[in-house]
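Containing mmCIF, C-alpha atoms: run.cif.
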```cif
data_work
loop_
_atom_site.label_atom_id
_atom_site.label_comp_id
_atom_site.auth_asym_id
_atom_site.auth_seq_id
_atom_site.Cartn_x
_atom_site.Cartn_y
_atom_site.Cartn_z
CA LEU A 922 12.19 -8.76 36.49
CA ARG A 923 15.38 -6.72 36.62
CA GLY A 924 14.15 -4.61 33.71
CA VAL A 925 10.75 -4.13 35.39
CA LYS A 926 12.46 -3.05 38.60
CA GLN A 927 14.61 -0.50 36.78
CA LYS A 928 11.57 0.86 34.96
CA ALA A 929 9.69 1.14 38.27
CA VAL A 930 12.56 3.11 39.84
CA SER A 931 12.71 5.57 36.93
CA ALA A 932 8.89 5.85 36.93
CA ILE A 933 8.75 6.68 40.64
CA SER A 934 11.51 9.25 40.13
CA MET A 935 9.37 10.88 37.44
CA LEU A 936 6.23 10.75 39.61
CA ASN A 937 8.05 12.45 42.50
CA LYS A 938 8.40 15.52 40.28
CA CYS A 939 4.64 15.54 39.63
CA GLU A 940 2.82 17.66 42.21
CA ASP A 941 -0.63 16.11 41.76
CA CYS A 942 0.42 12.44 41.84
CA PRO A 943 -1.08 10.59 44.86
CA GLN A 944 0.99 8.22 46.96
CA LYS A 945 -1.20 5.23 46.07
CA VAL A 946 -0.08 5.51 42.43
CA LYS A 947 3.58 5.37 43.48
CA SER A 948 2.83 2.35 45.66
CA ALA A 949 1.09 0.61 42.77
CA VAL A 950 4.06 1.28 40.50
CA SER A 951 6.50 -0.19 43.02
CA GLN A 952 4.35 -3.36 43.23
CA ALA A 953 3.79 -3.74 39.46
CA LEU A 954 4.87 -7.05 37.92
CA THR A 955 5.13 -6.04 34.26
CA ALA A 956 6.46 -3.08 32.27
CA GLU A 957 3.03 -2.72 30.60
CA GLU A 958 1.36 -2.26 34.00
CA ILE A 959 3.87 0.43 34.95
CA GLU A 960 3.35 2.22 31.65
CA TYR A 961 -0.40 2.17 32.20
CA LEU A 962 -0.11 3.58 35.74
CA ILE A 963 2.23 6.44 34.88
CA GLY A 964 0.55 7.33 31.57
CA PRO A 965 -1.71 10.08 32.98
CA TYR A 966 1.20 11.65 34.88
CA LYS A 967 3.75 11.87 32.10
CA PRO A 968 4.98 15.43 31.56
CA GLY A 969 2.79 17.16 29.01
CA GLY A 970 2.79 20.53 27.36
CA ALA A 971 2.07 23.61 29.46
CA THR A 972 -0.76 24.45 27.06
CA THR A 973 -3.18 21.68 28.10
CA LEU A 974 -6.64 22.91 29.02
CA ALA A 975 -6.25 21.82 32.65
CA ASN A 976 -2.87 23.53 32.99
CA ARG A 977 -4.26 26.77 31.53
CA ALA A 978 -7.09 26.71 34.05
CA LYS A 979 -4.68 26.05 36.91
CA GLN A 980 -2.52 28.97 35.81
CA LEU A 981 -5.62 31.15 36.11
CA GLY A 982 -5.95 30.11 39.76
CA LEU A 983 -8.89 27.72 39.44
CA GLY A 984 -7.12 24.72 40.99
CA LYS A 985 -8.30 25.14 44.60
CA LEU A 986 -11.82 26.04 43.52
CA SER A 987 -12.01 22.90 41.37
CA THR A 988 -10.83 20.71 44.25
CA ALA A 989 -13.47 22.25 46.49
CA VAL A 990 -16.20 21.61 43.91
CA LEU A 991 -15.10 18.00 43.52
CA ALA A 992 -15.08 17.54 47.31
CA GLY A 993 -18.70 18.77 47.51
CA HIS A 994 -17.98 22.02 49.32
CA ALA A 995 -20.20 25.03 48.79
CA VAL A 996 -18.40 27.53 46.53
CA ASP A 997 -19.20 30.85 44.94
CA ILE A 998 -17.99 30.71 41.35
CA ASN A 999 -18.79 34.38 40.77
CA THR A 1000 -15.85 35.38 42.98
CA MET A 1001 -13.44 34.19 40.26
CA VAL A 1002 -15.02 36.21 37.45
CA ASP A 1003 -12.67 38.95 36.20
CA ALA A 1004 -13.66 40.81 33.05
CA ASN A 1005 -10.02 41.82 32.41
CA VAL A 1006 -8.60 38.29 32.35
CA GLU A 1007 -9.06 36.00 29.36
CA GLY A 1008 -10.56 32.74 30.56
CA LEU A 1009 -12.18 34.37 33.59
CA SER A 1010 -14.17 37.12 31.93
CA THR A 1011 -17.54 35.38 32.35
CA ARG A 1012 -19.11 32.82 34.64
CA ASP A 1013 -19.29 30.33 31.75
CA GLU A 1014 -15.53 30.62 31.13
CA VAL A 1015 -14.83 29.99 34.82
CA MET A 1016 -17.16 26.98 34.79
CA THR A 1017 -15.39 25.65 31.69
CA GLY A 1018 -11.98 26.04 33.34
CA ILE A 1019 -13.17 24.19 36.44
CA GLN A 1020 -14.62 21.47 34.22
CA HIS A 1021 -11.26 20.98 32.50
CA ILE A 1022 -9.42 20.62 35.81
CA ILE A 1023 -11.97 18.15 37.19
CA ALA A 1024 -11.84 16.17 33.95
CA ASP A 1025 -8.05 15.97 34.32
CA ILE A 1026 -8.39 14.73 37.91
CA VAL A 1027 -11.00 12.12 36.99
CA SER A 1028 -8.94 10.84 34.04
CA LYS A 1029 -6.00 10.20 36.38
CA ASP A 1030 -7.94 8.54 39.18
CA MET A 1031 -6.83 4.93 39.68
CA HIS A 1032 -10.24 3.70 40.81
CA THR A 1033 -11.95 5.16 37.74
CA LEU A 1034 -9.30 3.87 35.35
CA THR A 1035 -9.36 0.37 36.87
CA MET A 1036 -13.15 0.29 36.68
CA MET A 1037 -13.04 1.31 33.01
CA VAL A 1038 -10.52 -1.39 32.11
CA LYS A 1039 -12.51 -4.11 33.90
CA MET A 1040 -15.76 -3.09 32.19
CA PHE A 1041 -14.29 -2.68 28.71
CA LYS A 1042 -11.87 -5.64 28.66
CA ASP A 1043 -12.46 -8.09 25.78
CA THR A 1044 -15.44 -6.09 24.46
CA GLU A 1045 -13.47 -3.82 22.10
CA THR A 1046 -14.60 -3.94 18.48
CA ILE A 1047 -12.30 -2.92 15.63
CA GLU A 1048 -13.71 -1.65 12.36
CA THR A 1049 -11.85 -0.66 9.20
CA LYS A 1050 -13.09 1.39 6.25
CA VAL A 1051 -11.41 1.58 2.86
CA ARG A 1052 -10.56 5.18 2.02
CA GLN A 1053 -12.10 6.53 -1.15
CA ALA A 1054 -8.71 7.15 -2.79
CA SER A 1055 -7.70 3.50 -2.32
CA SER A 1056 -10.95 1.91 -3.49
CA SER A 1057 -9.61 1.65 -7.04
CA ALA A 1058 -7.49 -1.39 -7.86
CA ASP A 1059 -4.96 0.91 -9.48
CA ALA A 1060 -4.39 3.02 -6.39
CA ALA A 1061 -0.77 3.13 -5.25
CA PRO A 1062 0.41 3.31 -1.61
CA THR A 1063 0.49 6.73 0.09
CA GLY A 1064 -1.41 8.28 -2.78
CA ARG A 1065 1.56 8.51 -5.11
CA LYS A 1066 1.24 7.84 -8.83
CA ARG A 1067 1.36 4.15 -9.58
CA LYS A 1068 4.62 3.02 -11.14
CA ARG A 1069 5.45 0.00 -13.20
CA GLY A 1070 5.96 -2.96 -10.90
CA ASP A 1071 3.55 -1.71 -8.20
CA LYS A 1072 1.01 -4.36 -7.31
CA PRO A 1073 -2.63 -3.31 -6.91
CA ARG A 1074 -3.64 -3.20 -3.25
CA ARG A 1075 -6.88 -4.99 -2.51
CA CYS A 1076 -7.97 -3.66 0.87
CA GLN A 1077 -10.94 -5.28 2.56
CA GLU A 1078 -13.20 -3.82 5.20
CA LEU A 1079 -13.25 -5.62 8.53
CA ARG A 1080 -15.36 -5.62 11.69
CA CYS A 1081 -14.69 -7.99 14.59
CA LEU A 1082 -13.68 -8.14 18.24
CA VAL A 1083 -10.09 -7.08 18.86
CA ARG A 1084 -9.36 -10.32 20.72
CA HIS A 1085 -10.26 -12.33 17.59
CA LEU A 1086 -7.62 -10.66 15.41
CA HIS A 1087 -4.58 -12.70 14.40
CA SER A 1088 -1.10 -11.22 14.51
CA HIS A 1089 -0.66 -11.12 10.74
CA GLN A 1090 -3.99 -9.25 10.45
CA ILE A 1091 -2.85 -6.64 12.98
CA LEU A 1092 0.40 -6.01 11.11
CA LYS A 1093 -1.50 -5.79 7.82
CA LEU A 1094 -3.93 -3.23 9.28
CA ASN A 1095 -1.03 -1.17 10.63
CA ARG A 1096 0.67 -1.11 7.22
CA GLU A 1097 -2.48 -0.18 5.35
CA GLU A 1098 -3.34 2.52 7.87
CA LYS A 1099 0.18 3.97 7.62
CA GLU A 1100 -0.17 4.08 3.84
CA LYS A 1101 -3.55 5.82 4.27
CA LEU A 1102 -5.40 3.06 2.46
CA ILE A 1103 -7.83 2.41 5.31
CA SER A 1104 -9.14 4.08 8.46
CA VAL A 1105 -9.23 2.11 11.72
CA LYS A 1106 -11.73 2.66 14.52
CA ILE A 1107 -11.98 0.91 17.87
CA SER A 1108 -15.28 1.16 19.71
CA ILE A 1109 -16.89 -0.10 22.93
CA PRO A 1110 -20.50 -1.38 23.13
CA HIS A 1111 -22.85 1.46 24.00
CA HIS A 1112 -24.34 -0.28 27.03
CA ARG A 1113 -20.85 -0.76 28.50
CA VAL A 1114 -20.01 2.91 28.02
CA SER A 1115 -23.31 4.03 29.58
CA SER A 1116 -22.81 1.71 32.53
CA PHE A 1117 -19.26 2.96 33.11
CA ILE A 1118 -20.22 6.64 32.98
CA ARG A 1119 -23.14 6.01 35.36
CA GLN A 1120 -20.88 4.27 37.88
CA ALA A 1121 -18.20 6.95 37.50
CA LYS A 1122 -20.80 9.64 38.28
CA GLU A 1123 -21.92 7.69 41.33
CA HIS A 1124 -18.30 7.45 42.50
CA TRP A 1125 -17.77 11.21 42.07
CA LEU A 1126 -21.20 12.15 43.44
CA THR A 1127 -21.14 15.62 45.06
CA VAL A 1128 -23.70 18.02 46.49
CA SER A 1129 -22.08 21.18 45.20
CA VAL A 1130 -22.49 22.01 41.50
CA GLN A 1131 -23.33 18.39 40.63
CA SER A 1132 -24.18 19.15 37.00
CA LEU A 1133 -20.71 20.65 36.50
CA VAL A 1134 -18.99 17.54 37.86
CA TRP A 1135 -21.08 15.28 35.64
CA LYS A 1136 -20.22 17.37 32.58
CA ALA A 1137 -16.57 17.09 33.58
CA ILE A 1138 -16.86 13.28 33.78
CA ASP A 1139 -18.40 13.17 30.30
CA ASP A 1140 -15.61 15.43 29.05
CA ALA A 1141 -12.95 13.30 30.77
CA TYR A 1142 -14.26 10.16 29.08
CA ASP A 1143 -14.63 11.63 25.58
CA ARG A 1144 -11.50 13.78 25.49
CA LEU A 1145 -8.99 12.03 27.75
CA MET A 1146 -9.84 8.53 28.96
CA MET A 1147 -11.23 6.88 25.83
CA PRO A 1148 -8.47 8.15 23.45
CA SER A 1149 -5.86 7.01 25.98
CA TYR A 1150 -7.55 3.60 26.29
CA ILE A 1151 -7.63 3.15 22.52
CA ARG A 1152 -3.95 4.08 22.23
CA ARG A 1153 -3.18 1.51 24.89
CA ILE A 1154 -5.18 -1.20 23.07
CA ARG A 1155 -3.46 -0.42 19.74
CA SER A 1156 -0.06 -0.47 21.42
CA GLU A 1157 -0.74 -3.84 23.08
CA MET A 1158 -2.07 -5.27 19.81
CA THR A 1159 1.02 -4.19 17.88
CA LYS A 1160 3.43 -5.38 20.56
CA LYS A 1161 1.77 -8.80 20.70
CA ALA A 1162 1.80 -9.05 16.90
CA HIS A 1163 5.49 -8.13 16.74
CA GLU A 1164 6.39 -10.68 19.41
CA GLU A 1165 4.50 -13.45 17.61
CA SER A 1166 5.96 -12.51 14.22
CA VAL A 1167 9.48 -12.61 15.67
CA ALA A 1168 8.72 -16.00 17.22
CA VAL A 1169 7.51 -17.36 13.87
CA PHE A 1170 10.55 -15.88 12.11
CA ARG A 1171 12.87 -17.44 14.69
CA LYS A 1172 11.20 -20.84 14.31
CA ASN A 1173 11.36 -20.78 10.51
CA LEU A 1174 14.91 -19.43 10.49
CA LYS A 1175 16.07 -22.19 12.82
CA LYS A 1176 14.43 -24.78 10.59
CA ILE A 1177 16.24 -23.42 7.53
CA LEU A 1178 19.62 -23.02 9.22
CA MET A 1179 19.46 -26.56 10.64
CA THR A 1180 18.86 -28.14 7.21
CA PRO A 1181 21.24 -31.14 7.08
CA PRO A 1182 24.19 -30.73 4.67
CA VAL A 1183 25.12 -33.02 1.78
CA LYS A 1184 28.84 -33.61 2.28
CA GLY A 1185 31.44 -35.13 -0.03
CA LYS A 1186 29.49 -34.67 -3.27
CA VAL A 1187 30.21 -32.84 -6.49
CA VAL A 1188 27.12 -30.73 -7.16
CA LEU A 1189 25.76 -29.06 -10.27
CA GLY A 1190 24.04 -25.80 -9.35
CA VAL A 1191 21.34 -24.55 -11.74
CA ASP A 1192 19.94 -21.02 -11.64
CA PRO A 1193 16.92 -21.37 -14.01
CA GLY A 1194 15.91 -18.71 -16.50
CA TYR A 1195 14.17 -18.17 -19.83
CA ALA A 1196 15.47 -15.21 -21.84
CA HIS A 1197 19.08 -15.47 -20.69
CA GLY A 1198 19.13 -19.22 -20.23
CA CYS A 1199 19.93 -21.31 -17.18
CA LYS A 1200 23.19 -20.51 -15.43
CA ILE A 1201 25.05 -23.62 -14.31
CA ALA A 1202 28.08 -24.24 -12.13
CA ILE A 1203 29.89 -27.42 -11.09
CA VAL A 1204 31.12 -27.20 -7.51
CA SER A 1205 33.62 -29.55 -5.85
CA PRO A 1206 32.89 -31.27 -2.51
CA THR A 1207 34.71 -28.39 -0.78
CA GLY A 1208 32.64 -25.72 -2.54
CA THR A 1209 35.23 -24.72 -5.14
CA PRO A 1210 33.79 -23.79 -8.57
CA LEU A 1211 35.07 -26.16 -11.25
CA HIS A 1212 33.03 -25.10 -14.25
CA SER A 1213 30.34 -22.55 -15.14
CA GLY A 1214 28.27 -21.71 -18.18
CA VAL A 1215 24.83 -21.12 -19.67
CA VAL A 1216 22.42 -23.66 -21.20
CA TYR A 1217 18.98 -23.24 -22.76
CA LEU A 1218 16.55 -25.93 -21.65
CA HIS A 1219 13.18 -24.65 -22.85
CA ASP A 1220 13.43 -24.13 -26.63
CA GLN A 1221 14.83 -25.80 -29.74
CA ARG A 1222 18.29 -25.66 -28.16
CA SER A 1223 17.30 -28.21 -25.49
CA LYS A 1224 18.83 -31.05 -27.57
CA GLU A 1225 22.17 -29.28 -27.56
CA ALA A 1226 21.73 -28.76 -23.83
CA GLU A 1227 21.29 -32.51 -23.31
CA ASP A 1228 24.59 -33.24 -25.02
CA GLU A 1229 26.35 -30.49 -23.09
CA MET A 1230 24.94 -31.61 -19.75
CA PHE A 1231 25.95 -35.22 -20.46
CA ASN A 1232 29.54 -34.18 -21.20
CA ILE A 1233 29.75 -31.94 -18.11
CA MET A 1234 28.28 -34.52 -15.74
CA MET A 1235 30.52 -37.26 -17.08
CA SER A 1236 33.65 -35.06 -16.98
CA TYR A 1237 33.25 -34.23 -13.29
CA ASN A 1238 31.51 -37.48 -12.24
CA CYS A 1239 28.65 -35.41 -10.87
CA GLU A 1240 25.54 -37.22 -9.66
CA LEU A 1241 23.75 -34.46 -7.76
CA VAL A 1242 21.88 -31.46 -9.21
CA ALA A 1243 20.65 -28.46 -7.18
CA ILE A 1244 17.92 -26.51 -9.02
CA GLY A 1245 16.92 -23.06 -7.81
CA ASN A 1246 13.19 -22.60 -7.16
CA GLY A 1247 12.87 -19.34 -9.09
CA CYS A 1248 11.62 -18.54 -12.58
CA ALA A 1249 11.75 -21.55 -14.99
CA CYS A 1250 12.31 -23.95 -12.08
CA ARG A 1251 9.72 -26.41 -13.40
CA VAL A 1252 11.23 -26.34 -16.87
CA ALA A 1253 14.66 -27.24 -15.49
CA GLU A 1254 13.14 -29.92 -13.25
CA SER A 1255 11.30 -31.45 -16.21
CA PHE A 1256 14.50 -31.41 -18.29
CA PHE A 1257 16.59 -33.31 -15.74
CA SER A 1258 13.71 -35.64 -14.85
CA GLN A 1259 13.32 -36.68 -18.48
CA MET A 1260 17.07 -37.18 -18.93
CA ILE A 1261 17.24 -39.35 -15.83
CA GLU A 1262 14.17 -41.37 -16.91
CA LYS A 1263 15.60 -42.18 -20.34
CA GLY A 1264 19.11 -42.88 -19.03
CA GLY A 1265 20.65 -39.78 -20.50
CA PHE A 1266 23.53 -39.80 -18.01
CA ALA A 1267 24.75 -43.35 -18.82
CA HIS A 1268 26.00 -45.15 -15.71
CA LEU A 1269 25.71 -42.08 -13.44
CA LYS A 1270 22.93 -42.32 -10.86
CA VAL A 1271 21.93 -38.66 -11.08
CA GLN A 1272 19.50 -37.15 -8.58
CA TYR A 1273 18.14 -33.62 -8.38
CA CYS A 1274 16.86 -31.42 -5.58
CA ILE A 1275 14.92 -28.13 -5.53
CA VAL A 1276 16.80 -25.49 -3.49
CA ASP A 1277 15.40 -22.24 -2.14
CA GLU A 1278 17.25 -19.45 -3.94
CA CYS A 1279 15.99 -16.54 -1.79
CA GLY A 1280 18.84 -14.10 -1.23
CA THR A 1281 21.04 -15.73 -3.86
CA SER A 1282 20.78 -12.84 -6.32
CA ILE A 1283 21.53 -10.33 -3.54
CA TYR A 1284 24.58 -12.35 -2.49
CA SER A 1285 25.87 -12.71 -6.07
CA VAL A 1286 26.38 -8.94 -6.43
CA SER A 1287 27.64 -8.34 -2.89
CA ASP A 1288 31.19 -7.39 -1.92
CA LEU A 1289 31.60 -10.75 -0.19
CA ALA A 1290 30.75 -12.66 -3.39
CA GLN A 1291 33.12 -10.43 -5.36
CA LYS A 1292 35.87 -11.27 -2.91
CA GLU A 1293 35.13 -15.03 -2.89
CA LEU A 1294 34.52 -15.45 -6.63
CA PRO A 1295 36.30 -12.56 -8.36
CA ASN A 1296 36.62 -14.33 -11.71
CA LEU A 1297 32.97 -15.25 -12.10
CA ASP A 1298 30.10 -13.27 -13.58
CA PRO A 1299 27.42 -12.42 -10.94
CA ASN A 1300 24.92 -14.64 -12.80
CA HIS A 1301 27.26 -17.61 -12.47
CA ARG A 1302 27.92 -16.82 -8.83
CA SER A 1303 24.25 -17.41 -8.14
CA ALA A 1304 24.53 -20.93 -9.58
CA VAL A 1305 27.56 -21.56 -7.35
CA SER A 1306 25.60 -20.29 -4.33
CA ILE A 1307 22.67 -22.63 -5.12
CA ALA A 1308 25.03 -25.63 -5.28
CA ARG A 1309 26.68 -24.63 -2.01
CA LYS A 1310 23.28 -24.26 -0.32
CA LEU A 1311 22.75 -27.96 -0.91
CA GLN A 1312 26.25 -28.94 0.20
CA ASP A 1313 26.32 -26.86 3.40
CA PRO A 1314 23.20 -24.71 3.92
CA LEU A 1315 24.35 -23.04 7.14
CA ALA A 1316 27.73 -21.93 5.74
CA GLU A 1317 25.98 -20.32 2.75
CA LEU A 1318 22.95 -18.83 4.50
CA VAL A 1319 25.03 -16.87 7.02
CA LYS A 1320 26.26 -14.76 4.10
CA ILE A 1321 22.73 -13.50 3.41
CA ASP A 1322 20.93 -10.81 5.41
CA PRO A 1323 17.93 -12.24 7.31
CA HIS A 1324 15.39 -10.01 5.54
CA HIS A 1325 16.52 -11.42 2.18
CA MET A 1326 16.00 -15.05 3.16
CA GLY A 1327 12.33 -15.18 2.16
CA ILE A 1328 11.06 -16.08 5.64
#
```
Could you rewrite the structure in this file as structure tokens?
Amino acid sequence: LRGVKQKAVSAISMLNKCEDCPQKVKSAVSQALTAEEIEYLIGPYKPGGATTLANRAKQLGLGKLSTAVLAGHAVDINTMVDANVEGLSTRDEVMTGIQHIIADIVSKDMHTLTMMVKMFKDTETIETKVRQASSSADAAPTGRKRKRGDKPRRCQELRCLVRHLHSHQILKLNREEKEKLISVKISIPHHRVSSFIRQAKEHWLTVSVQSLVWKAIDDAYDRLMMPSYIRRIRSEMTKKAHEESVAVFRKNLKKILMTPPVKGKVVLGVDPGYAHGCKIAIVSPTGTPLHSGVVYLHDQRSKEAEDEMFNIMMSYNCELVAIGNGCACRVAESFFSQMIEKGGFAHLKVQYCIVDECGTSIYSVSDLAQKELPNLDPNHRSAVSIARKLQDPLAELVKIDPHHMGI
């Protein structure tokens, strides 16, 4: 509430500098309960460029005449015609200028805006179209030439009510639209639009130059009110999606950080791999590396690996194995499972656990890892990190940036 109050104070200060802002708008801002409501109220009165169509017409002196037309007073438009002034040289140009000013007034009227929101709420339909350039499976984001490693983007067309969209769908649409893979359109049912325009014309009913006022209302809807309404809907959609995504991230992060530790155990960390073998590291109960190396578990060298693993596990009395869940994870799991099943570790009651290795590779080449483990190769540091993640997940995860944690 304190933030809303501060926003209301700054908004009223801005509105006081606006000459055409009515007092009822300022009162509504001071009574607003949310920042979104304040933003909606002050939107039409935010300082714009001096080159808007309404401002140009006002600079030509059509402001008072427009107000008189809107109030239903009898006016003589021909008195404003001046052949030497651009924008006033003909009756049609004067009429157009008046129309722009009236459209600006209508688009800022609280009653009209409130009526539009009430009539359009929960009826908005969103529709996406795949752009021609992105219809090919080989198309790369932002139209650039596809490089090795780029994944084909499969964009799907969508049509549904805005209120039925899930947060992850909204974020996906925003990304694809930013990369120019799709076009996004929000529309209102035709009968709702017709009903709103009819009621708006009844609200602004005048005796003087009625056709001009009605044209101005149509112009206000098409050029000012509807684009502003769509921007508001898109902004609310994105804000809601961001809030929900942060909430999900926070929930998942808490779950990972609160993983219970395995204290007082010597752990063998295994970073699985094929071409360069599986990196292993024995870590003491306090997290100190005791041994590191490379074994090959998936080819004809697996027999040698069994003998080596037996000697290592027996030497350090290690009964706990942490296997990273990356490439070749299942091969390493199968290897240790078979050794345990056939009693390959003698009297040791060896157990293994699959550990999430997201962020481990990033950590292994970081300055912090270089400082902690200066004598180890980065590949072996990753095996140490995997073992430590099992021993004390929180102490190891705080070393990794949140966006590298695979959440």
Would you list the contacts of Glu1007 in chain A as a list in words, taking every protein, DNA or RNA residue within 10 Å and counting only C-alpha atoms, but skipping same-chain residues closer than 6 positions in sequence?
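Selected residues are Leu981, Glu1014 and Val1015 of chain A.
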Neighbours of Ile1019 in chain A within 6 Å (all atoms listed in the file; same-chain residues fewer than 3 positions away dropped), as a PyMOL selection string?
chain A and resi 987+1016+1022
Closest of A:Met1234, A:Ala989, A:Ile1091, A:Ile1154 to Glu957 in chain A - atom-to-atom distances counting all atoms listed in the file:
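Of A:Met1234, A:Ala989, A:Ile1091, A:Ile1154, the one nearest Glu957 in chain A, counting all atoms listed in the file, is A:Ile1154.
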Could you expand the PyMOL selection byres ((chain A and resi 1113) around 12) into the explicit residues it covers here, written as JSON, numbers by chain?
{"A": [1036, 1037, 1038, 1039, 1040, 1041, 1042, 1043, 1044, 1045, 1108, 1109, 1110, 1111, 1112, 1114, 1115, 1116, 1117, 1118, 1119, 1120]}
On this structure, the PyMOL selection byres ((chain A and resi 1193-1199) around 7) would catch which residues? List them as JSON, numbers by chain, sorted by chain and number.
{"A": [1191, 1192, 1200, 1201, 1215, 1216, 1217, 1245, 1247, 1248, 1249, 1250, 1253]}
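One distance worth recording is that between CA of His1087 in chain A and CA of Glu1100 in chain A, which is 20.3 Å.
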Would you give me, as a tab-separated table, each residue of range 1136-1238 of chain A having an atom within 8 Å of an atom of range 1260-1267 of chain A, along with its shortest atom pair and that distance in Å to one decimal, using only C-alpha atoms and sorting by chain and residue number?
```
residue	atom	partner	partner_atom	distance
A:Glu1227	CA	A:Met1260	CA	7.7
A:Phe1231	CA	A:Phe1266	CA	5.7
A:Met1234	CA	A:Phe1266	CA	7.5
A:Met1235	CA	A:Phe1266	CA	7.5
```
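For the set A:Asn1296, A:Gln1090, A:Ser1149, A:Gln1312, the residue with the smallest atom-to-atom gap to Lys1186 in chain A is A:Gln1312, counting all atoms listed in the file.
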Could you give me, as an NGL selection string, the residues within 9 Å of Val1183 in chain A, counting all atoms listed in the file and dropping anything in the same chain fewer than 6 positions from it?
:A and (1311-1314)
Considering all atoms listed in the file, can you say which of A:Pro1323, A:Pro1148, A:Gly1214, A:Gly924 comes closest to Leu1174 in chain A?
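Nearest to Leu1174 in chain A: A:Pro1323.
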Give me the box for range 1259-1266 of chain A as AutoDock Vina command-line options, namely the centre and edge lengths in Å to one decimal of a box along x, y and z that holds every listed atom plus 4 Å on each side.
```
--center_x 18.4 --center_y -39.8 --center_z -18.2 --size_x 18.2 --size_y 14.2 --size_z 12.7
```
